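A.B. asks: To start, I am sharing the structure in question, which I have written as structure tokens.
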Amino acid sequence: MPSDNKAAERFSATMLNRAFVQNPVLVGALGLCPIAGGAVSLQAGLVLSGAFTTGMMLNMLAAHFVLKKLPRWLRMPAYVLIALAAVCPAGYILETRAQTLLSSVGIYLALMAVSSLISLRSEKTFVACTLKRSFSVAAAECAGYAAVIMAVSFIRELLGSGTLWGVPLTKVYFAPGLLLPFGGFLALGFLAALHRGYIARHFALRGALKDITFDLSAAAGPLITPAADIPERKQAPPAPAAEKPPETPVTQPADETDGQEDTQASDTVPVPGEAPAGEINGNENEPEDATSDTQAQQPGGFAVTPFIQAADTDGETADETPAQERGDAALEDEETPDEKAQTLPADGGEIEAFTDEKSDEAAPGEPEAQPASKDREGGEAP
Amino acid sequence: MPEPEKRVSLAPAAAAARRYYTDALIMLSGPVFMAVALYRFEAAILLAVSIASALACEALGALLLKGGQTTVRDLSAVFTGAAIALMLPAGASPLLAAAGSVFAVCAAKLPFGGAMHAPFVPAAAGMAFLCVSWPEKVFTYSGVSIAAMLQVKNSIRLNPLNLFDLLLGGYPGPMGTGCIAVLLACSVYFLIRRRRALWAPLGFLMACAAMAALFPRVYSGSLTSVVMELSAGSLVFAAIFLLPDPASAPSGRASGFLYGVFAGALCMLLRRYGTAEEGVFFAILIVNAFSAFPLPKTAGRLILRVKALVLPGKTKKKEGAGHAV
């Protein structure tokens, strides 16, 4: 059935997008604490990811069927209580059967109940979306989170303890320091860098990495806009949505078009500079059909920019439209972290501290040089 | 007609880095000579392995990350490897030095774009990693070190013979940091070539001496405490070679001095209350995180505000001058 194929495609696209391309940990920097502190072995990683998955799924069901009828101020603590329903049994089982594992996981198992990712996703997606959509998002987020936990656990157990799943590998020279939280942050940082490099090479990202100045044009052709063009790009008039063929809503089943706000954004793929209307964290991530303009231009990759662009431009439009009318679009800003400018310094210009003494010395009457925020940001000549 | 051979020259910033690290390596030759003279083959092996590991990681990382553009020629990897080796005991395993160098280059330098842009001193990061991972190997010497004496509140009498041994590295300790006289002599080179770089070490040593005098860990008096604290571990070495790292240390005089004072106070606190017998590496890493803040301007504004509260009459004239700045 075409609708089944379409649904399967959307599910797989959601899984790929949310679990990998926009991984909540490596891209969104959410839920870092349990990974950095508790993921010290594969067994601990499995426990943490299991607790997270159970808490997320319970929250998904509760948010969709029950909690969306409650006021928001009541929903937030409810998410924590529901997640506790998953964490407490896990803690009890570990306490009775695997005391050492519980001690290695420590407080980070309990911290899963207050995971920002569970609360954020429940409030932004599960409350407003259909059950099918909520399930696909929850499954994708859990898969992405678990993948990162297991990867970090693998690295830290192998290099920090010299074991794998408790089996010692005597030929590995291990560094116990990596079992400390700084080792977790190091592993996360390297994973995030590898992930970002892979995404930049294989996926077209317009506007997502706007603050990065390294040239992506070789990977993605003319779609990559240099950082210098960002103001012009944002001021560009939005392309009329009517020009794009609205293929998706024609084939959507009835249960997905029952007035949910997240379906609106799936009709259009915003061009650079355009603020998508009424998007909710969801469908705009998914790749449209190949006949859409953006995908036709791309070298075969998925169009992930709509979500990311929405996150970038949402801050500008959030003030204009009340948050409630736009669903959860105002919350979009909270999810996407600010990517600080990480510009590599230009090779031109000399760092002040490196200059020779005789060219450095100021006249006795000269005022003190300004304490520049250092060359770290630019390496540019003062 | 054949094309003229293109000579690849360093970019200005890289050339400036090379000049700095050349000066630093010239200064480092003194401790290297003393280490090899005292410990001979062991010291040479440790230095060679550490420097080779750092160079290999730098070359490989530059190849992978920068598309073939190498930053090996700025000599920062050589400096990092040599500094790490000199801060280890002579009997340490070469694998330990290699691990420290690999961590310093791969975790504290390459991800940030090289030595010119690393917010944390790579050698300090490498030593901190070794201290956390293998403290029993980093702080094990052939005898009782000065730092160990301080930890157990033991003390020695400062007679001329012991003081002489202290200044020339006669007590067990890291192989390149014990000879205080050589280190101070090497700093004269910095005084001639890069005077501004010495403000941070000056503030650091003054703060350490003040803390040692005011809060001694031994019962033989302030002078003994100051001499022991300054000659223990890698304090002077780190003050001269690690603290004025150009990528992380402030370049101004007042800001550099305050930066050094902050680092010195932290170092003494970590020595007193920390678990490791040497806290200078962690102190340097912590102050590296604060080095981007404009310390003198912030301190100046704070002083003006306090004055406004305490002396409202005088503040009017001063405020204008302060704001004009």
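Order determines the names: the first chain of the structure tokens is A, the second B, and so forth; residues in each chain are numbered 1 upward, and ligands are numbered 1 upward as they are shown.
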Fewer than 4 positions away in the same chain doesn't count, so skip those; otherwise give me all residues within 7 Å of Ala63 of chain A, counting only C-alpha atoms, as JSON, numbers by chain.

C.D. replies: {"A": [59, 67, 68, 122, 126, 127]}

A.B. asks: With 7 Å as the limit and counting only C-alpha atoms, what residues in chain B lie close to chain A? Please list them as a VMD selection string.

C.D. replies: chain B and resid 11 to 13 16 to 17 20 117 119 129 132 to 133 193 to 195 246 to 247 250 to 252 255 292 to 294

A.B. asks: What would the file look like if the residues just selected were written as an mmCIF file, in the first residue's frame with N, CA and C atoms?

C.D. replies:
```cif
data_model
loop_
_atom_site.group_PDB
_atom_site.id
_atom_site.type_symbol
_atom_site.label_atom_id
_atom_site.label_comp_id
_atom_site.auth_asym_id
_atom_site.auth_seq_id
_atom_site.Cartn_x
_atom_site.Cartn_y
_atom_site.Cartn_z
ATOM 1 N N ALA B 11 53.170 30.921 8.012
ATOM 2 C CA ALA B 11 52.319 32.090 8.147
ATOM 3 C C ALA B 11 52.876 32.957 9.280
ATOM 4 N N PRO B 12 52.534 34.230 9.296
ATOM 5 C CA PRO B 12 53.097 35.119 10.323
ATOM 6 C C PRO B 12 52.859 34.633 11.734
ATOM 7 N N ALA B 13 51.635 34.171 12.011
ATOM 8 C CA ALA B 13 51.370 33.712 13.368
ATOM 9 C C ALA B 13 52.196 32.469 13.681
ATOM 10 N N ALA B 16 55.716 33.498 14.323
ATOM 11 C CA ALA B 16 55.858 34.068 15.663
ATOM 12 C C ALA B 16 55.881 32.964 16.710
ATOM 13 N N ALA B 17 55.055 31.949 16.519
ATOM 14 C CA ALA B 17 55.057 30.829 17.455
ATOM 15 C C ALA B 17 56.393 30.110 17.423
ATOM 16 N N TYR B 20 58.864 32.011 19.424
ATOM 17 C CA TYR B 20 58.662 31.858 20.862
ATOM 18 C C TYR B 20 59.172 30.511 21.334
ATOM 19 N N HIS B 117 46.317 28.377 19.455
ATOM 20 C CA HIS B 117 44.920 28.603 19.787
ATOM 21 C C HIS B 117 44.440 27.736 20.936
ATOM 22 N N PRO B 119 43.443 26.808 24.403
ATOM 23 C CA PRO B 119 43.145 27.602 25.591
ATOM 24 C C PRO B 119 43.838 27.085 26.842
ATOM 25 N N PHE B 129 46.802 14.811 33.401
ATOM 26 C CA PHE B 129 46.271 13.489 33.032
ATOM 27 C C PHE B 129 47.102 12.380 33.661
ATOM 28 N N VAL B 132 46.463 12.166 37.443
ATOM 29 C CA VAL B 132 45.170 11.587 37.799
ATOM 30 C C VAL B 132 45.153 10.083 37.516
ATOM 31 N N SER B 133 45.794 9.700 36.434
ATOM 32 C CA SER B 133 45.709 8.293 36.024
ATOM 33 C C SER B 133 46.711 7.414 36.756
ATOM 34 N N ARG B 193 64.826 38.609 26.267
ATOM 35 C CA ARG B 193 64.117 38.465 24.995
ATOM 36 C C ARG B 193 62.646 38.816 25.076
ATOM 37 N N ARG B 194 61.982 38.405 26.165
ATOM 38 C CA ARG B 194 60.532 38.603 26.253
ATOM 39 C C ARG B 194 60.173 39.008 27.682
ATOM 40 N N ARG B 195 60.442 40.240 27.966
ATOM 41 C CA ARG B 195 60.279 40.699 29.331
ATOM 42 C C ARG B 195 58.828 40.602 29.792
ATOM 43 N N PRO B 246 51.984 31.664 25.479
ATOM 44 C CA PRO B 246 51.430 32.850 24.802
ATOM 45 C C PRO B 246 49.989 32.697 24.346
ATOM 46 N N ALA B 247 49.545 31.463 24.164
ATOM 47 C CA ALA B 247 48.175 31.274 23.690
ATOM 48 C C ALA B 247 47.162 31.431 24.810
ATOM 49 N N PRO B 250 47.574 36.147 29.577
ATOM 50 C CA PRO B 250 47.318 37.514 29.121
ATOM 51 C C PRO B 250 48.623 38.206 28.737
ATOM 52 N N SER B 251 48.514 39.136 27.850
ATOM 53 C CA SER B 251 49.720 39.785 27.352
ATOM 54 C C SER B 251 50.049 41.065 28.100
ATOM 55 N N GLY B 252 49.100 41.629 28.789
ATOM 56 C CA GLY B 252 49.367 42.872 29.505
ATOM 57 C C GLY B 252 50.141 42.627 30.777
ATOM 58 N N SER B 255 47.469 42.496 33.862
ATOM 59 C CA SER B 255 46.657 41.280 33.728
ATOM 60 C C SER B 255 47.515 40.037 33.875
ATOM 61 N N ALA B 292 40.677 34.541 29.631
ATOM 62 C CA ALA B 292 40.026 35.401 28.650
ATOM 63 C C ALA B 292 39.355 36.593 29.307
ATOM 64 N N PHE B 293 39.149 36.531 30.597
ATOM 65 C CA PHE B 293 38.482 37.649 31.246
ATOM 66 C C PHE B 293 39.442 38.822 31.356
ATOM 67 N N PRO B 294 38.955 40.018 31.101
ATOM 68 C CA PRO B 294 39.826 41.201 31.221
ATOM 69 C C PRO B 294 40.011 41.563 32.682
#
```

A.B. asks: Which parts of segment 1-123 of chain B does DSSP call alpha helix (DSSP H) when run on the backbone here, written out as a PyMOL selection string?

C.D. replies: chain B and resi 12-39+41-65+76-86+94-108+122-123

A.B. asks: So that I have them on file, write out the residues from the current selection with C-alpha atoms, as a PDB file, in the first residue's frame.

C.D. replies:
```
ATOM      1  CA  PRO B  12      53.097  35.119  10.323  1.00  0.00           C
ATOM      2  CA  ALA B  13      51.370  33.712  13.368  1.00  0.00           C
ATOM      3  CA  ALA B  14      53.109  30.377  12.938  1.00  0.00           C
ATOM      4  CA  ALA B  15      56.427  32.130  12.467  1.00  0.00           C
ATOM      5  CA  ALA B  16      55.858  34.068  15.663  1.00  0.00           C
ATOM      6  CA  ALA B  17      55.057  30.829  17.455  1.00  0.00           C
ATOM      7  CA  ARG B  18      58.213  29.271  16.119  1.00  0.00           C
ATOM      8  CA  ARG B  19      60.251  32.178  17.442  1.00  0.00           C
ATOM      9  CA  TYR B  20      58.662  31.858  20.862  1.00  0.00           C
ATOM     10  CA  TYR B  21      59.168  28.132  21.099  1.00  0.00           C
ATOM     11  CA  THR B  22      62.704  28.450  19.824  1.00  0.00           C
ATOM     12  CA  ASP B  23      63.403  30.777  22.727  1.00  0.00           C
ATOM     13  CA  ALA B  24      61.657  28.397  25.090  1.00  0.00           C
ATOM     14  CA  LEU B  25      63.689  25.450  23.827  1.00  0.00           C
ATOM     15  CA  ILE B  26      66.875  27.426  24.243  1.00  0.00           C
ATOM     16  CA  MET B  27      65.867  28.060  27.831  1.00  0.00           C
ATOM     17  CA  LEU B  28      64.928  24.415  28.229  1.00  0.00           C
ATOM     18  CA  SER B  29      68.383  23.297  27.232  1.00  0.00           C
ATOM     19  CA  GLY B  30      69.610  24.098  30.739  1.00  0.00           C
ATOM     20  CA  PRO B  31      67.269  21.722  32.565  1.00  0.00           C
ATOM     21  CA  VAL B  32      67.754  19.135  29.836  1.00  0.00           C
ATOM     22  CA  PHE B  33      71.494  19.286  30.287  1.00  0.00           C
ATOM     23  CA  MET B  34      71.171  18.965  34.058  1.00  0.00           C
ATOM     24  CA  ALA B  35      68.757  16.044  33.738  1.00  0.00           C
ATOM     25  CA  VAL B  36      71.005  14.160  31.347  1.00  0.00           C
ATOM     26  CA  ALA B  37      74.040  14.962  33.488  1.00  0.00           C
ATOM     27  CA  LEU B  38      72.376  13.626  36.618  1.00  0.00           C
ATOM     28  CA  TYR B  39      70.394  10.695  35.246  1.00  0.00           C
ATOM     29  CA  PHE B  41      70.678   7.236  29.853  1.00  0.00           C
ATOM     30  CA  GLU B  42      67.311   7.156  31.579  1.00  0.00           C
ATOM     31  CA  ALA B  43      66.784  10.849  31.075  1.00  0.00           C
ATOM     32  CA  ALA B  44      67.830  10.679  27.452  1.00  0.00           C
ATOM     33  CA  ILE B  45      65.440   7.829  26.710  1.00  0.00           C
ATOM     34  CA  LEU B  46      62.585   9.570  28.453  1.00  0.00           C
ATOM     35  CA  LEU B  47      63.186  12.805  26.571  1.00  0.00           C
ATOM     36  CA  ALA B  48      63.537  11.076  23.229  1.00  0.00           C
ATOM     37  CA  VAL B  49      60.367   9.012  23.624  1.00  0.00           C
ATOM     38  CA  SER B  50      58.328  11.942  24.866  1.00  0.00           C
ATOM     39  CA  ILE B  51      59.430  14.284  22.102  1.00  0.00           C
ATOM     40  CA  ALA B  52      58.998  11.644  19.425  1.00  0.00           C
ATOM     41  CA  SER B  53      55.476  10.831  20.631  1.00  0.00           C
ATOM     42  CA  ALA B  54      54.484  14.466  20.633  1.00  0.00           C
ATOM     43  CA  LEU B  55      55.920  15.023  17.160  1.00  0.00           C
ATOM     44  CA  ALA B  56      54.250  11.945  15.769  1.00  0.00           C
ATOM     45  CA  CYS B  57      50.859  12.936  17.140  1.00  0.00           C
ATOM     46  CA  GLU B  58      51.255  16.494  15.907  1.00  0.00           C
ATOM     47  CA  ALA B  59      52.224  15.388  12.435  1.00  0.00           C
ATOM     48  CA  LEU B  60      49.460  12.833  12.205  1.00  0.00           C
ATOM     49  CA  GLY B  61      46.867  15.189  13.556  1.00  0.00           C
ATOM     50  CA  ALA B  62      47.896  18.010  11.270  1.00  0.00           C
ATOM     51  CA  LEU B  63      47.767  15.621   8.347  1.00  0.00           C
ATOM     52  CA  LEU B  64      44.272  14.460   9.200  1.00  0.00           C
ATOM     53  CA  LEU B  65      42.771  17.735  10.290  1.00  0.00           C
ATOM     54  CA  SER B  76      55.544  23.492  19.973  1.00  0.00           C
ATOM     55  CA  ALA B  77      55.382  19.700  19.962  1.00  0.00           C
ATOM     56  CA  VAL B  78      59.078  19.460  20.752  1.00  0.00           C
ATOM     57  CA  PHE B  79      58.629  21.852  23.645  1.00  0.00           C
ATOM     58  CA  THR B  80      55.597  19.969  24.948  1.00  0.00           C
ATOM     59  CA  GLY B  81      57.322  16.605  24.817  1.00  0.00           C
ATOM     60  CA  ALA B  82      60.480  17.896  26.470  1.00  0.00           C
ATOM     61  CA  ALA B  83      58.579  19.707  29.212  1.00  0.00           C
ATOM     62  CA  ILE B  84      56.530  16.634  30.069  1.00  0.00           C
ATOM     63  CA  ALA B  85      59.610  14.438  30.228  1.00  0.00           C
ATOM     64  CA  LEU B  86      61.422  16.889  32.483  1.00  0.00           C
ATOM     65  CA  PRO B  94      58.920   5.735  28.693  1.00  0.00           C
ATOM     66  CA  LEU B  95      55.337   4.664  28.054  1.00  0.00           C
ATOM     67  CA  LEU B  96      54.256   7.060  30.766  1.00  0.00           C
ATOM     68  CA  ALA B  97      55.976   9.948  29.031  1.00  0.00           C
ATOM     69  CA  ALA B  98      54.520   8.848  25.726  1.00  0.00           C
ATOM     70  CA  ALA B  99      51.013   8.713  27.208  1.00  0.00           C
ATOM     71  CA  GLY B 100      51.376  12.208  28.608  1.00  0.00           C
ATOM     72  CA  SER B 101      52.640  13.610  25.320  1.00  0.00           C
ATOM     73  CA  VAL B 102      49.921  11.891  23.314  1.00  0.00           C
ATOM     74  CA  PHE B 103      47.247  13.255  25.612  1.00  0.00           C
ATOM     75  CA  ALA B 104      48.761  16.729  25.593  1.00  0.00           C
ATOM     76  CA  VAL B 105      48.821  16.913  21.833  1.00  0.00           C
ATOM     77  CA  CYS B 106      45.676  14.977  20.941  1.00  0.00           C
ATOM     78  CA  ALA B 107      43.345  16.281  23.642  1.00  0.00           C
ATOM     79  CA  ALA B 108      44.667  19.705  24.569  1.00  0.00           C
ATOM     80  CA  PRO B 122      49.161  21.249  26.575  1.00  0.00           C
ATOM     81  CA  ALA B 123      52.070  20.229  28.796  1.00  0.00           C
TER      82      ALA B 123
END
```

A.B. asks: Extract, using only C-alpha atoms, all DNA, RNA and protein residues at most 9 Å from Cys179 of chain B, discarding same-chain residues fewer than 4 positions from it, and format them as a PDB file with C-alpha atoms, in the first residue's frame.

C.D. replies:
```pdb
ATOM      1  CA  PRO B  31      67.269  21.722  32.565  1.00  0.00           C
ATOM      2  CA  MET B  34      71.171  18.965  34.058  1.00  0.00           C
ATOM      3  CA  ALA B  35      68.757  16.044  33.738  1.00  0.00           C
ATOM      4  CA  ASP B 165      71.526  20.890  47.560  1.00  0.00           C
ATOM      5  CA  LEU B 166      68.098  22.391  47.259  1.00  0.00           C
ATOM      6  CA  LEU B 167      69.192  24.944  44.718  1.00  0.00           C
ATOM      7  CA  LEU B 168      71.101  22.431  42.649  1.00  0.00           C
ATOM      8  CA  GLY B 169      68.554  19.641  42.743  1.00  0.00           C
ATOM      9  CA  GLY B 170      70.267  17.412  45.221  1.00  0.00           C
ATOM     10  CA  MET B 175      64.392  15.018  36.765  1.00  0.00           C
ATOM     11  CA  LEU B 183      65.926  27.469  36.111  1.00  0.00           C
ATOM     12  CA  LEU B 184      66.400  30.947  37.459  1.00  0.00           C
ATOM     13  CA  SER B 231      61.914  24.157  45.543  1.00  0.00           C
TER      14      SER B 231
END
```

A.B. asks: Name the closest residue to Tyr219 of chain B among the candidates B:Gly313, B:Val152, B:Ser248, B:Arg305; distances are taken between atoms, counting only C-alpha atoms.

C.D. replies: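 Checking each of B:Gly313, B:Val152, B:Ser248, B:Arg305 against Tyr219 of chain B, counting only C-alpha atoms, the winner is B:Val152.
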
A.B. asks: Between atom CA of Ala113 of chain A and atom CA of Met56 of chain A, what is the distance in Å, rounded to a tenth?

C.D. replies: 9.5 Å

A.B. asks: Leu198 of chain B: which residues within 9 Å, counting only C-alpha atoms, same-chain residues fewer than 5 positions away excluded, as a list in words?

C.D. replies: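 After dropping sequence-adjacent residues, the list is Ser187, Phe190, Leu191, Gly203, Ile240, Pro244, Arg253, Gly256 and Phe257 of chain B.
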
A.B. asks: What is the distance between atom CA of Val236 of chain B and atom CA of Leu258 of chain B, in Å to one decimal?

C.D. replies: 17.3 Å

A.B. asks: Find the distance between atom CA of Gly126 of chain B and atom CA of Val138 of chain B and write it in Å to one decimal.

C.D. replies: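 Taking atom CA of Gly126 of chain B as the start and atom CA of Val138 of chain B as the end point, the length is 11.8 Å.
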